[in-house]
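Novice: Here you go, final07.txt (compact mmCIF, C-alpha atoms):
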# COMPACT_ATOMS: atom_id res chain seq x y z
CA MET A 161 5.34 25.53 3.33
CA ALA A 162 4.89 27.65 6.42
CA ASN A 163 2.27 27.24 9.14
CA GLN A 164 -0.05 30.16 9.94
CA THR A 165 -2.63 30.64 12.68
CA ASN A 166 -4.34 33.93 11.76
CA SER A 167 -7.93 33.55 10.49
CA LYS A 168 -7.18 35.34 7.21
CA VAL A 169 -4.18 33.23 6.30
CA PRO A 170 -4.16 29.47 5.58
CA ALA A 171 -3.03 26.91 8.16
CA ILE A 172 -0.34 25.77 5.71
CA ARG A 173 1.27 28.20 3.33
CA LEU A 174 3.84 28.06 0.55
CA THR A 175 7.22 29.40 1.63
CA GLY A 176 7.95 32.97 0.62
CA PHE A 177 4.48 34.40 1.18
CA SER A 178 3.23 36.28 4.22
CA GLY A 179 0.53 38.72 5.23
CA GLU A 180 -3.22 38.34 5.36
CA TRP A 181 -5.38 37.29 2.46
CA GLU A 182 -7.92 39.90 1.40
CA GLU A 183 -11.69 39.53 1.64
CA LYS A 184 -13.59 40.79 -1.38
CA PRO A 185 -17.08 40.48 -2.87
CA ILE A 186 -17.12 37.97 -5.72
CA GLY A 187 -18.61 40.62 -7.98
CA GLU A 188 -15.46 42.74 -7.63
CA ILE A 189 -13.20 40.11 -9.16
CA LEU A 190 -15.64 38.31 -11.48
CA SER A 191 -18.13 39.82 -13.88
CA GLU A 192 -20.79 38.17 -16.00
CA THR A 193 -20.33 38.39 -19.75
CA LYS A 194 -22.56 37.57 -22.70
CA ARG A 195 -21.21 37.22 -26.22
CA ALA A 196 -24.43 36.74 -28.15
CA ILE A 197 -23.98 34.85 -31.40
CA VAL A 198 -26.25 34.67 -34.44
CA LEU A 199 -26.48 31.01 -35.44
CA GLU A 200 -26.19 30.36 -39.17
CA ASP A 201 -28.18 27.38 -40.50
CA ASN A 202 -25.33 26.02 -42.61
CA GLN A 203 -22.57 26.37 -40.05
CA GLN A 204 -21.53 23.82 -37.42
CA TYR A 205 -21.16 24.79 -33.78
CA GLU A 206 -19.57 22.98 -30.85
CA LEU A 207 -21.72 22.79 -27.73
CA VAL A 208 -20.35 22.21 -24.25
CA THR A 209 -21.55 21.22 -20.81
CA VAL A 210 -20.09 21.32 -17.30
CA LYS A 211 -19.72 18.04 -15.47
CA ARG A 212 -20.79 17.67 -11.85
CA ARG A 213 -18.28 17.31 -9.00
CA ASN A 214 -15.94 19.82 -10.62
CA GLY A 215 -15.42 17.51 -13.57
CA GLY A 216 -14.70 20.43 -15.86
CA VAL A 217 -16.03 21.83 -19.12
CA VAL A 218 -16.42 19.18 -21.83
CA SER A 219 -17.74 19.00 -25.37
CA ARG A 220 -21.28 17.83 -26.12
CA GLY A 221 -20.51 17.46 -29.79
CA HIS A 222 -21.28 19.50 -32.89
CA LEU A 223 -24.60 20.59 -34.38
CA TRP A 224 -25.59 22.50 -37.47
CA GLY A 225 -27.15 25.87 -36.75
CA ARG A 226 -30.47 24.68 -38.24
CA GLU A 227 -30.53 21.82 -35.70
CA ILE A 228 -30.41 24.20 -32.74
CA LEU A 229 -34.02 25.21 -32.19
CA VAL A 230 -33.52 27.72 -29.37
CA LYS A 231 -31.25 30.43 -30.76
CA ASN A 232 -30.32 32.23 -27.53
CA TYR A 233 -26.66 31.20 -27.34
CA SER A 234 -23.40 32.81 -26.26
CA GLN A 235 -19.87 32.16 -27.47
CA LEU A 236 -17.13 31.12 -25.06
CA GLN A 237 -13.49 32.05 -24.88
CA THR A 238 -10.53 30.27 -23.33
CA GLY A 239 -10.33 31.02 -19.60
CA ASP A 240 -14.03 31.84 -19.11
CA PHE A 241 -15.50 30.61 -15.82
CA LEU A 242 -18.61 28.62 -16.73
CA ILE A 243 -21.44 27.87 -14.29
CA SER A 244 -24.43 25.60 -14.93
CA LYS A 245 -27.26 27.54 -13.30
CA ARG A 246 -29.25 24.38 -12.55
CA GLN A 247 -26.36 22.13 -11.53
CA VAL A 248 -24.04 24.51 -9.68
CA VAL A 249 -24.92 23.06 -6.25
CA HIS A 250 -23.55 19.75 -7.57
CA GLY A 251 -20.20 21.27 -8.50
CA ALA A 252 -20.98 21.99 -12.16
CA THR A 253 -18.46 24.78 -12.68
CA GLY A 254 -15.25 24.96 -14.66
CA ILE A 255 -12.79 26.92 -16.73
CA VAL A 256 -13.12 26.79 -20.52
CA PRO A 257 -9.99 25.07 -21.90
CA ALA A 258 -8.19 26.21 -25.05
CA GLU A 259 -9.59 23.35 -27.15
CA LEU A 260 -13.14 24.60 -26.51
CA ASN A 261 -12.48 28.22 -27.43
CA GLN A 262 -15.45 29.63 -29.43
CA ALA A 263 -17.79 26.81 -28.39
CA ILE A 264 -21.32 27.93 -27.51
CA VAL A 265 -23.71 27.63 -24.55
CA SER A 266 -27.36 28.45 -23.94
CA ASN A 267 -28.62 30.90 -21.34
CA GLU A 268 -28.83 27.97 -18.91
CA TYR A 269 -25.19 28.80 -18.21
CA LEU A 270 -23.56 31.81 -16.62
CA VAL A 271 -20.31 32.93 -18.24
CA ALA A 272 -17.97 34.96 -16.03
CA VAL A 273 -14.57 36.53 -16.59
CA GLY A 274 -12.05 37.52 -13.96
CA ASN A 275 -10.00 40.67 -13.64
CA ASN A 276 -6.29 40.92 -12.89
CA GLU A 277 -6.91 40.01 -9.24
CA ILE A 278 -7.79 36.37 -9.86
CA ALA A 279 -5.81 33.58 -11.54
CA THR A 280 -7.71 31.01 -13.59
CA GLU A 281 -6.25 27.93 -11.91
CA PHE A 282 -6.81 29.41 -8.46
CA LEU A 283 -10.44 30.14 -9.31
CA THR A 284 -10.93 26.50 -10.30
CA ILE A 285 -9.56 25.39 -6.94
CA LEU A 286 -11.73 27.88 -5.05
CA ALA A 287 -14.85 26.61 -6.83
CA SER A 288 -14.18 23.07 -5.60
CA LEU A 289 -13.90 24.00 -1.91
CA PRO A 290 -16.76 23.37 0.55
CA ASP A 291 -17.00 27.08 1.38
CA MET A 292 -17.68 28.02 -2.24
CA ARG A 293 -20.07 25.10 -2.67
CA LYS A 294 -21.97 26.48 0.33
CA LYS A 295 -22.13 29.91 -1.29
CA PHE A 296 -23.50 28.36 -4.48
CA PHE A 297 -26.20 26.60 -2.44
CA LEU A 298 -27.14 29.70 -0.42
CA SER A 299 -27.50 31.65 -3.66
CA SER A 300 -29.83 29.08 -5.22
CA TYR A 301 -33.57 28.78 -4.76
CA GLY A 302 -36.27 26.15 -5.26
CA VAL A 303 -37.74 23.15 -3.43
CA ASP A 304 -36.14 20.28 -5.37
CA ILE A 305 -32.36 19.86 -5.01
CA GLU A 306 -32.23 18.74 -8.66
CA LYS A 307 -34.09 21.84 -9.85
CA LEU A 308 -32.58 24.67 -7.82
CA PHE A 309 -31.95 27.81 -9.85
CA PHE A 310 -28.85 29.92 -9.34
CA ASP A 311 -29.20 33.60 -8.37
CA ALA A 312 -25.99 35.06 -9.75
CA ASP A 313 -26.66 38.56 -8.41
CA ASP A 314 -26.94 37.23 -4.85
CA TRP A 315 -23.80 35.10 -5.28
CA LYS A 316 -21.75 38.04 -6.53
CA LYS A 317 -22.51 39.93 -3.29
CA ARG A 318 -20.90 37.20 -1.18
CA ASN A 319 -17.30 37.53 -0.02
CA ILE A 320 -14.32 35.30 -0.67
CA THR A 321 -10.82 35.56 0.77
CA ILE A 322 -7.93 35.52 -1.70
CA PRO A 323 -4.17 36.15 -1.70
CA GLY A 324 -2.20 38.21 -4.18
CA ILE A 325 -1.94 37.03 -7.76
CA ALA A 326 1.62 35.70 -7.32
CA GLU A 327 0.57 33.41 -4.47
CA GLN A 328 -2.54 32.34 -6.38
CA THR A 329 -0.34 31.32 -9.30
CA LYS A 330 1.98 29.30 -7.07
CA ILE A 331 -0.96 27.54 -5.42
CA GLY A 332 -2.35 26.71 -8.85
CA GLU A 333 1.00 25.28 -9.95
CA TYR A 334 1.27 23.21 -6.77
CA PHE A 335 -2.09 21.53 -7.24
CA ARG A 336 -1.54 21.13 -10.99
CA ASP A 337 1.64 19.17 -10.24
CA MET A 338 -0.24 17.11 -7.67
CA ASP A 339 -3.00 16.33 -10.18
CA SER A 340 -0.38 15.25 -12.73
CA LEU A 341 1.18 12.90 -10.17
CA ILE A 342 -2.22 11.43 -9.29
CA GLU A 343 -2.98 10.94 -13.00
CA LEU A 344 0.36 9.19 -13.50
CA HIS A 345 -0.28 6.78 -10.62
CA GLN A 346 -3.85 6.21 -11.83
CA ARG A 347 -2.55 5.17 -15.25
CA LYS A 348 -0.12 2.76 -13.60
CA LEU A 349 -2.94 1.34 -11.48
CA ASP A 350 -5.15 0.94 -14.56
CA ARG A 351 -2.38 -0.97 -16.34
CA GLN A 352 -1.91 -3.29 -13.35
CA VAL A 353 -5.65 -3.97 -13.14
CA ALA A 354 -5.73 -4.75 -16.88
CA LEU A 355 -2.72 -7.08 -16.49
CA LYS A 356 -4.37 -8.89 -13.58
CA ASN A 357 -7.59 -9.42 -15.53
CA ALA A 358 -5.63 -10.72 -18.53
CA MET A 359 -3.62 -13.15 -16.40
CA LEU A 360 -6.77 -14.40 -14.67
CA GLN A 361 -8.02 -15.42 -18.11
CA LYS A 362 -4.77 -17.07 -19.18
CA MET A 363 -3.58 -18.75 -15.94
CA PHE A 364 -6.69 -20.90 -15.52
CA PRO A 365 -7.84 -23.59 -18.00
CA LYS A 366 -10.65 -22.53 -20.29
CA SER A 367 -13.85 -24.54 -20.35
CA GLY A 368 -13.11 -28.04 -21.65
CA ALA A 369 -9.32 -27.65 -21.31
CA THR A 370 -7.00 -29.13 -18.69
CA THR A 371 -4.03 -26.80 -19.01
CA PRO A 372 -3.90 -23.03 -18.77
CA GLU A 373 -2.55 -20.87 -21.57
CA ILE A 374 0.16 -19.49 -19.29
CA ARG A 375 1.68 -21.23 -16.25
CA PHE A 376 4.66 -20.94 -13.96
CA LYS A 377 7.86 -22.76 -14.93
CA GLY A 378 8.23 -26.24 -13.47
CA PHE A 379 4.57 -27.23 -13.77
CA THR A 380 3.55 -29.45 -16.68
CA VAL A 381 0.92 -31.92 -15.44
CA ASP A 382 -2.66 -31.35 -16.62
CA ALA A 383 -5.02 -30.00 -14.01
CA ASP A 384 -7.44 -32.56 -12.58
CA ARG A 385 -11.00 -32.24 -13.85
CA LYS A 386 -13.59 -32.98 -11.23
CA LEU A 387 -17.35 -32.75 -11.39
CA THR A 388 -19.00 -30.53 -8.83
CA SER A 389 -22.50 -31.17 -7.63
Can the structure from this file be put into structure tokens for me?
Specialist:
Amino acid sequence: MANQTNSKVPAIRLTGFSGEWEEKPIGEILSETKRAIVLEDNQQYELVTVKRRNGGVVSRGHLWGREILVKNYSQLQTGDFLISKRQVVHGATGIVPAELNQAIVSNEYLVAVGNNEIATEFLTILASLPDMRKKFFLSSYGVDIEKLFFDADDWKKRNITIPGIAEQTKIGEYFRDMDSLIELHQRKLDRQVALKNAMLQKMFPKSGATTPEIRFKGFTVDADRKLTS
């Protein structure tokens, strides 16, 4: 990575890239889309939601069309940028993954698609940054933080600074690799915690017993049992 000091380039930059990032209105690189769908009573549909704190787009399960009382729904496609209009200030945004292609959402969500100037992974990273969170907040209105409503038209007028698509792709790959490494270490940590909890159960005598189920070699005498007041 290379260090930069100019205000329109990052402080740390991947090697091989130079020049200023470009400032553009959000509405120039993202556009709102609506794929209205007619819900059939005897067909099942998968519904989704967006988790807070950039937790991503996840399934809410399946419902029959007749079970969905409000019929104003849109269909999603892989790569759509999904925003919860009432939870966006809490980081409820995400990219629709391939396994949720053709799932549906109500008009409580904004569905946006990017043009050839924005990479999906890079957009996900941008949405998690404090600067974008601030833009989401400034483009929301209401008196209760839990009930703010998102003004998409205002948000689309705000500017963001982005590099070329090649650099966006490399940045996305870099953080994807980092996330994979974190996930790997988290799984190792989870296994160690599970092992510790199991050994705590087995290396101490159970109620009424004087020897543990597992003990270190060289120790065979029963543990003393003493009453405690």
Novice: For CA of Val210 (chain A) and CA of Ile255 (chain A), determine how far apart the two atoms are, in Å to one decimal place.
Specialist: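 Separation of CA of Val210 (chain A) and CA of Ile255 (chain A): 9.2 Å.
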Novice: Using only C-alpha atoms, pick whichever of A:Ile172, A:Met363, A:Ile243, A:Met338 has the shortest atom-to-atom distance to Val265 (chain A).
Specialist: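 Checking each candidate against Val265 (chain A), we get A:Ile243 as the closest.
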Novice: Counting all atoms listed in the file, which of A:Ser300, A:Val249, A:Val256, A:Phe335 gets nearest to Ser219 (chain A)?
Specialist: A:Val256
Novice: Rounded to one decimal in Å, what is the spacing between CA of Thr329 (chain A) and CA of Gly239 (chain A)?
Specialist: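 CA of Gly239 (chain A) lies at a distance of 14.4 Å from CA of Thr329 (chain A).
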Novice: Hey, which of A:Ser299, A:Lys316, A:Lys362, A:Leu308 ends up closest to Gln247 (chain A)? Count all atoms listed in the file.
Specialist: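 Residue with the minimum atom-to-atom distance to Gln247 (chain A): A:Leu308.
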Novice: For a quick check of your reading of the model, name the residues lying within 7 Å of the coordinate (-21.9, 27.8, -18.9), counting all atoms listed in the file, and write them as a count of residues only.
Specialist: 10
Novice: Rank nothing, just name the residue among A:Thr370, A:Thr280, A:Asn232, A:Ser167 nearest to Ser266 (chain A), using only C-alpha atoms.
Specialist: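 Answer, going by the shortest atom-to-atom distance: A:Asn232.
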Novice: CA of Gly251 (chain A) and CA of Arg220 (chain A), how far apart in Å?
Specialist: 18.0 Å
Novice: Measuring atom to atom with only C-alpha atoms, identify which of A:Thr175, A:Asn261, A:Thr238, A:Thr193 is nearest to Glu206 (chain A).
Specialist: A:Asn261
Novice: Mind giving me the axis-aligned box for region 166-177 of chain A with 3 Å on every side, centre plus edges in Å to one decimal, as JSON?
Specialist:
{"center_x": 0.0, "center_y": 30.6, "center_z": 6.2, "size_x": 21.9, "size_y": 15.6, "size_z": 17.2}
Novice: Restricting the calculation to all atoms listed in the file: of A:Phe364, A:Phe296, A:Trp224, A:Phe241, which residue gets closest to Glu200 (chain A)?
Specialist: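 Of the candidates, the smallest distance to Glu200 (chain A) is held by A:Trp224.
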Novice: Quick one: everything within 8 Å of Tyr233 (chain A), counting all atoms listed in the file, minus sequence neighbours fewer than 6 positions away in the same chain. Send it as an MDAnalysis selection string.
Specialist: chainID A and resid 196:198 264:267
Novice: For Asp201 (chain A), find every residue with an atom within 8 Å (counting all atoms listed in the file), except residues of its own chain fewer than 4 positions away, and show them as a list in words.
Specialist: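 These residues fall inside the cut-off: Trp224, Gly225, Arg226 and Glu227 of chain A.
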Novice: Write the residues of the selection above to a file with C-alpha atoms, as a compact mmCIF listing (two decimals), keeping the file's coordinate frame.
Specialist:
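Okay, again03.txt is ready:
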# COMPACT_ATOMS: atom_id res chain seq x y z
CA TRP A 224 -25.59 22.50 -37.47
CA GLY A 225 -27.15 25.87 -36.75
CA ARG A 226 -30.47 24.68 -38.24
CA GLU A 227 -30.53 21.82 -35.70
Novice: Please identify all polymer residues lying at most 12 Å from the point (-7.2, 33.4, -6.4) (file coordinates), using only C-alpha atoms, and present the result as an NGL selection string.
Specialist: :A and (181-184 or 186 or 189-190 or 274-287 or 320-332)
